[in-house]
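K.L.:
Data: model_19.txt, compact mmCIF, C-alpha atoms.
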```txt
# COMPACT_ATOMS: atom_id res chain seq x y z
CA GLY A 1128 -6.98 -6.54 11.11
CA ALA A 1129 -7.12 -2.87 11.91
CA VAL A 1130 -9.90 -0.85 10.33
CA VAL A 1131 -8.81 2.40 8.74
CA SER A 1132 -11.13 5.06 7.37
CA GLN A 1133 -10.45 8.13 5.26
CA HIS A 1134 -12.51 11.20 4.65
CA PRO A 1135 -13.39 12.42 2.12
CA SER A 1136 -13.27 9.64 -0.41
CA ARG A 1137 -13.29 12.12 -3.27
CA VAL A 1138 -12.65 15.83 -3.43
CA ILE A 1139 -12.55 18.27 -6.30
CA CYS A 1140 -11.13 21.70 -5.64
CA LYS A 1141 -9.95 24.78 -7.47
CA SER A 1142 -6.29 25.51 -7.96
CA GLY A 1143 -4.86 27.50 -5.05
CA THR A 1144 -7.15 26.15 -2.37
CA SER A 1145 -6.18 23.85 0.48
CA VAL A 1146 -7.63 20.42 1.10
CA LYS A 1147 -7.59 18.41 4.32
CA ILE A 1148 -7.75 14.62 4.30
CA GLU A 1149 -8.50 12.74 7.49
CA CYS A 1150 -7.30 9.27 8.35
CA ARG A 1151 -8.82 7.50 11.31
CA SER A 1152 -7.99 4.24 12.97
CA LEU A 1153 -11.29 2.81 14.15
CA ASP A 1154 -10.10 0.02 16.37
CA PHE A 1155 -6.40 0.45 17.02
CA GLN A 1156 -4.26 3.08 18.68
CA ALA A 1157 -1.56 3.93 16.21
CA THR A 1158 1.47 5.90 17.28
CA THR A 1159 2.66 5.83 13.69
CA MET A 1160 0.74 6.30 10.48
CA PHE A 1161 1.99 6.48 6.92
CA TRP A 1162 0.83 8.58 3.99
CA TYR A 1163 1.23 7.28 0.46
CA ARG A 1164 0.48 8.77 -2.92
CA GLN A 1165 -0.49 6.81 -5.99
CA PHE A 1166 -0.56 8.15 -9.53
CA PRO A 1167 -2.72 6.42 -12.15
CA LYS A 1168 -1.43 3.00 -13.03
CA GLN A 1169 1.57 3.41 -10.77
CA SER A 1170 2.70 2.07 -7.46
CA LEU A 1171 2.32 3.59 -4.03
CA MET A 1172 5.00 6.07 -3.09
CA LEU A 1173 5.61 6.81 0.56
CA MET A 1174 5.25 10.52 1.28
CA ALA A 1175 5.76 10.71 5.01
CA THR A 1176 5.60 8.96 8.32
CA SER A 1177 3.27 10.57 10.82
CA ASN A 1178 4.17 10.31 14.49
CA GLU A 1179 1.68 11.04 17.23
CA GLY A 1180 2.71 14.07 19.21
CA SER A 1181 5.73 14.94 17.11
CA LYS A 1182 6.71 16.14 13.68
CA ALA A 1183 6.22 13.98 10.64
CA THR A 1184 9.17 12.50 8.80
CA TYR A 1185 9.07 13.28 5.10
CA GLU A 1186 10.58 11.28 2.28
CA GLN A 1187 13.11 12.87 0.02
CA GLY A 1188 11.51 15.12 -2.54
CA VAL A 1189 8.27 15.65 -0.61
CA GLU A 1190 7.68 19.27 0.36
CA LYS A 1191 6.79 19.44 4.04
CA ASP A 1192 5.32 22.93 3.67
CA LYS A 1193 3.12 21.72 0.84
CA PHE A 1194 1.87 18.57 2.50
CA LEU A 1195 1.15 19.35 6.13
CA ILE A 1196 0.72 16.36 8.39
CA ASN A 1197 -0.75 16.49 11.87
CA HIS A 1198 -1.01 13.39 14.02
CA ALA A 1199 -3.27 14.84 16.68
CA SER A 1200 -4.18 11.66 18.51
CA LEU A 1201 -3.58 7.93 18.46
CA THR A 1202 -6.53 7.49 16.13
CA LEU A 1203 -6.34 10.51 13.83
CA SER A 1204 -3.82 11.79 11.33
CA THR A 1205 -4.53 14.53 8.81
CA LEU A 1206 -2.86 15.46 5.55
CA THR A 1207 -3.43 18.98 4.26
CA VAL A 1208 -2.48 19.76 0.69
CA THR A 1209 -1.83 23.50 0.73
CA SER A 1210 -2.30 25.73 -2.30
CA ALA A 1211 -3.18 22.75 -4.42
CA HIS A 1212 -2.32 22.65 -8.10
CA PRO A 1213 -3.39 20.28 -10.86
CA GLU A 1214 -0.17 18.29 -10.53
CA ASP A 1215 -1.21 17.45 -6.95
CA SER A 1216 -4.16 15.50 -8.31
CA SER A 1217 -3.64 11.96 -7.16
CA PHE A 1218 -4.91 9.13 -4.98
CA TYR A 1219 -3.80 9.58 -1.38
CA ILE A 1220 -3.81 6.57 0.91
CA CYS A 1221 -3.05 6.41 4.61
CA SER A 1222 -1.83 3.37 6.44
CA LEU A 1223 -1.06 2.21 9.93
CA ARG A 1224 0.79 -0.70 11.34
CA GLY A 1225 -1.25 -3.00 13.51
CA GLY A 1226 0.04 -5.05 16.38
CA THR A 1227 1.00 -7.97 14.15
CA ASP A 1228 3.54 -6.25 11.89
CA THR A 1229 0.94 -5.88 9.17
CA GLN A 1230 0.26 -2.51 7.59
CA TYR A 1231 -3.40 -1.77 7.01
CA PHE A 1232 -4.59 0.76 4.50
CA GLY A 1233 -7.42 3.19 4.27
CA PRO A 1234 -9.74 3.23 1.26
CA GLY A 1235 -7.96 6.22 -0.25
CA THR A 1236 -8.93 9.76 -1.20
CA ARG A 1237 -9.11 10.82 -4.83
CA LEU A 1238 -8.05 14.46 -5.13
CA THR A 1239 -8.74 16.34 -8.33
CA VAL A 1240 -7.46 19.89 -8.63
CA LEU A 1241 -8.97 21.92 -11.43
CA ALA B 1313 17.67 0.30 1.04
CA GLN B 1314 14.95 -2.17 0.29
CA SER B 1315 13.36 -2.65 -3.11
CA VAL B 1316 10.81 -4.84 -4.83
CA ALA B 1317 10.59 -5.94 -8.43
CA GLN B 1318 7.45 -7.19 -10.09
CA PRO B 1319 8.67 -8.08 -13.57
CA GLU B 1320 5.23 -8.43 -15.17
CA ASP B 1321 2.94 -5.47 -15.74
CA GLN B 1322 0.11 -7.77 -16.78
CA VAL B 1323 -0.74 -11.41 -16.26
CA ASN B 1324 -3.59 -13.06 -18.14
CA VAL B 1325 -4.98 -16.42 -17.13
CA ALA B 1326 -8.06 -18.43 -17.96
CA GLU B 1327 -10.58 -19.06 -15.23
CA GLY B 1328 -9.88 -22.33 -13.47
CA ASN B 1329 -6.20 -22.34 -14.36
CA PRO B 1330 -3.44 -21.82 -11.83
CA LEU B 1331 -1.97 -18.34 -11.56
CA THR B 1332 1.40 -16.98 -10.52
CA VAL B 1333 2.36 -13.36 -9.95
CA LYS B 1334 6.09 -12.88 -9.57
CA CYS B 1335 7.98 -10.83 -7.02
CA THR B 1336 11.65 -10.52 -6.12
CA TYR B 1337 13.05 -8.35 -3.37
CA SER B 1338 16.16 -6.79 -1.96
CA VAL B 1339 16.53 -5.93 1.72
CA SER B 1340 19.18 -5.76 4.40
CA GLY B 1341 18.72 -8.45 6.97
CA ASN B 1342 15.64 -10.57 7.29
CA PRO B 1343 12.76 -9.59 5.00
CA TYR B 1344 9.17 -9.00 5.99
CA LEU B 1345 7.21 -9.72 2.80
CA PHE B 1346 3.61 -8.88 1.96
CA TRP B 1347 1.06 -9.17 -0.81
CA TYR B 1348 -1.82 -6.76 -1.21
CA VAL B 1349 -4.64 -6.52 -3.74
CA GLN B 1350 -6.23 -3.33 -5.00
CA TYR B 1351 -9.57 -3.02 -6.76
CA PRO B 1352 -10.37 0.10 -8.84
CA ASN B 1353 -10.50 3.32 -6.80
CA ARG B 1354 -10.04 1.41 -3.59
CA GLY B 1355 -7.34 1.11 -0.97
CA LEU B 1356 -5.17 -1.93 -0.53
CA GLN B 1357 -6.42 -5.15 0.99
CA PHE B 1358 -3.98 -7.37 2.83
CA LEU B 1359 -3.66 -10.88 1.38
CA LEU B 1360 -0.79 -12.53 3.20
CA LYS B 1361 2.63 -12.05 4.72
CA TYR B 1362 5.85 -13.84 5.48
CA ILE B 1363 7.75 -12.91 8.61
CA THR B 1364 9.32 -16.16 9.69
CA GLY B 1365 8.52 -19.87 9.79
CA ASP B 1366 7.21 -22.00 6.95
CA ASN B 1367 8.26 -20.84 3.52
CA LEU B 1368 4.77 -21.50 2.13
CA VAL B 1369 2.33 -18.94 3.42
CA LYS B 1370 -1.42 -19.24 2.98
CA GLY B 1371 -3.60 -16.18 2.86
CA SER B 1372 -7.02 -14.81 2.02
CA TYR B 1373 -9.24 -15.92 -0.88
CA GLY B 1374 -7.21 -19.09 -1.55
CA PHE B 1375 -3.97 -17.29 -2.31
CA GLU B 1376 -0.59 -18.52 -1.16
CA ALA B 1377 2.99 -17.42 -1.60
CA GLU B 1378 6.32 -19.15 -1.32
CA PHE B 1379 9.33 -17.49 0.25
CA ASN B 1380 12.56 -18.51 -1.47
CA LYS B 1381 15.58 -17.05 0.27
CA SER B 1382 18.18 -18.21 -2.24
CA GLN B 1383 16.27 -16.67 -5.13
CA THR B 1384 15.06 -13.68 -3.07
CA SER B 1385 11.57 -14.32 -4.38
CA PHE B 1386 8.06 -14.29 -2.96
CA HIS B 1387 5.75 -15.32 -5.80
CA LEU B 1388 1.99 -15.21 -5.30
CA LYS B 1389 0.04 -18.27 -6.40
CA LYS B 1390 -3.46 -19.65 -6.58
CA PRO B 1391 -4.36 -23.14 -7.79
CA SER B 1392 -7.54 -22.14 -9.61
CA ALA B 1393 -8.19 -18.57 -10.72
CA LEU B 1394 -11.57 -16.86 -10.54
CA VAL B 1395 -12.81 -13.97 -12.66
CA SER B 1396 -13.28 -12.05 -9.42
CA ASP B 1397 -9.52 -12.30 -8.78
CA SER B 1398 -8.97 -9.75 -11.55
CA ALA B 1399 -7.31 -6.78 -9.86
CA LEU B 1400 -4.00 -5.05 -9.26
CA TYR B 1401 -1.57 -6.95 -7.04
CA PHE B 1402 1.28 -5.39 -5.10
CA CYS B 1403 4.23 -7.07 -3.48
CA ALA B 1404 5.86 -5.16 -0.63
CA VAL B 1405 8.85 -5.56 1.65
CA ARG B 1406 10.35 -4.02 4.72
CA ASP B 1407 13.21 -4.87 7.01
CA SER B 1408 12.90 -6.07 10.57
CA LEU B 1409 13.58 -2.63 12.01
CA GLY B 1410 10.10 -1.26 11.48
CA THR B 1411 10.66 0.82 8.37
CA PRO B 1412 7.61 1.55 6.19
CA LEU B 1413 6.64 -0.81 3.42
CA VAL B 1414 8.22 -0.40 0.02
CA PHE B 1415 6.04 -1.49 -2.87
CA GLY B 1416 6.63 -3.02 -6.25
CA LYS B 1417 5.07 -1.32 -9.26
CA GLY B 1418 2.15 -3.72 -9.27
CA THR B 1419 0.93 -6.46 -11.59
CA ARG B 1420 -2.48 -6.35 -13.17
CA LEU B 1421 -4.11 -9.76 -13.15
CA SER B 1422 -6.83 -10.45 -15.66
CA VAL B 1423 -8.77 -13.70 -15.34
CA ILE B 1424 -10.75 -14.53 -18.44
CA ALA B 1425 -13.90 -16.60 -18.31
```
How does this structure look as structure tokens?
P.N.:
Amino acid sequence: GAVVSQHPSRVICKSGTSVKIECRSLDFQATTMFWYRQFPKQSLMLMATSNEGSKATYEQGVEKDKFLINHASLTLSTLTVTSAHPEDSSFYICSLRGGTDTQYFGPGTRLTVL
Amino acid sequence: AQSVAQPEDQVNVAEGNPLTVKCTYSVSGNPYLFWYVQYPNRGLQFLLKYITGDNLVKGSYGFEAEFNKSQTSFHLKKPSALVSDSALYFCAVRDSLGTPLVFGKGTRLSVIA
């Protein structure tokens, strides 16, 4: 299946700063990527669908100005958490759909906002 | 809108015994069904999927799942559990139109030696 990487794997930042998370597809050109958020001991919640060359589609309740998504190329999507606050602390996971209808997931990024 | 229910938060099984992790779904049209496993602080690993064809699907690490249309279920099974199978298991569904996956809340499997 498709290999997906994320960087960084962990980040700790101060409240009010912005954090950028990168998601790369290492062996597949993905026109669409997905960003999920997972709180401790909870399921994955879809935040947005990232489309190469166009604006992302956000799920209801997700602030698009807070969570900026840029799908710059077929192998890179970035999620920027702007003016982060402690309640933004979470596990962020990106995903892409390979050519066989299967969604493949990155290893996740643990964000801790102090 | 599609949804997934995993009725058990936790499943405990002795090593060597068969295991079942339950999943039921709701979707418009034909379902695309998936099982993923997550180890601590890691992303999700794909186990198996049902798109069409045989109702019994075989996947990675000896896992299998049976699609039951009348019961709208897709239970995950393994004939003989290993301690290393202990992890968090997610069932997911989407429709045939390419919408993103929707996940169940997850079931924590604990295999006891």
K.L.:
Applying 8 Å and all atoms listed in the file, which residues near Pro1343 in chain B remain after dropping the ones on its own chain fewer than 3 positions away? List them as a ChimeraX atom specification.
P.N.:
/B:1339-1340,1363,1405-1408
K.L.:
Using only C-alpha atoms, which residue out of A:Thr1209, A:Gln1165, A:Ser1216, A:Gln1133 lies closest to Cys1150 in chain A?
P.N.:
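Under the stated criterion, the closest residue is A:Gln1133.
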K.L.:
Pull out every residue of chain B sitting within 6 Å of chain A, counting only C-alpha atoms, and send them as a list in words.
P.N.:
Arg1354, Gly1355, Leu1356 and Lys1417 of chain B
K.L.:
Counting only C-alpha atoms, figure out which residue out of A:Thr1144, A:Ser1217, A:Ser1152, A:Asn1197 gets nearest to Thr1239 in chain A.
P.N.:
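Checking each of A:Thr1144, A:Ser1217, A:Ser1152, A:Asn1197 against Thr1239 in chain A, counting only C-alpha atoms, the winner is A:Ser1217.
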K.L.:
Which distance in Å separates CA of Leu1360 in chain B and CA of Tyr1348 in chain B, to one decimal?
P.N.:
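A separation of 7.3 Å between them.
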K.L.:
How big is the axis-aligned box around the listed atoms of range 1198-1213 of chain A once 5 Å is added on each side, and where is its centre? Give both in Å to one decimal, as lines of an AutoDock Vina configuration file.
P.N.:
```
center_x = -3.8
center_y = 16.6
center_z = 3.8
size_x = 15.5
size_y = 28.2
size_z = 39.4
```
K.L.:
Mind listing whatever residues come within 8 Å of the point (5.9, -11.1, -7.2)? Use all atoms listed in the file, file coordinates, and give them as an mmCIF file with C-alpha atoms, in the frame of the given file.
P.N.:
```
data_model
loop_
_atom_site.group_PDB
_atom_site.id
_atom_site.type_symbol
_atom_site.label_atom_id
_atom_site.label_comp_id
_atom_site.auth_asym_id
_atom_site.auth_seq_id
_atom_site.Cartn_x
_atom_site.Cartn_y
_atom_site.Cartn_z
ATOM 1 C CA ALA B 1317 10.590 -5.940 -8.430
ATOM 2 C CA GLN B 1318 7.450 -7.190 -10.090
ATOM 3 C CA PRO B 1319 8.670 -8.080 -13.570
ATOM 4 C CA VAL B 1333 2.360 -13.360 -9.950
ATOM 5 C CA LYS B 1334 6.090 -12.880 -9.570
ATOM 6 C CA CYS B 1335 7.980 -10.830 -7.020
ATOM 7 C CA THR B 1336 11.650 -10.520 -6.120
ATOM 8 C CA SER B 1385 11.570 -14.320 -4.380
ATOM 9 C CA PHE B 1386 8.060 -14.290 -2.960
ATOM 10 C CA HIS B 1387 5.750 -15.320 -5.800
ATOM 11 C CA LEU B 1388 1.990 -15.210 -5.300
ATOM 12 C CA PHE B 1402 1.280 -5.390 -5.100
ATOM 13 C CA CYS B 1403 4.230 -7.070 -3.480
#
```
K.L.:
CA of Gln1383 in chain B and CA of Phe1415 in chain B are how many Å apart?
P.N.:
18.4 Å
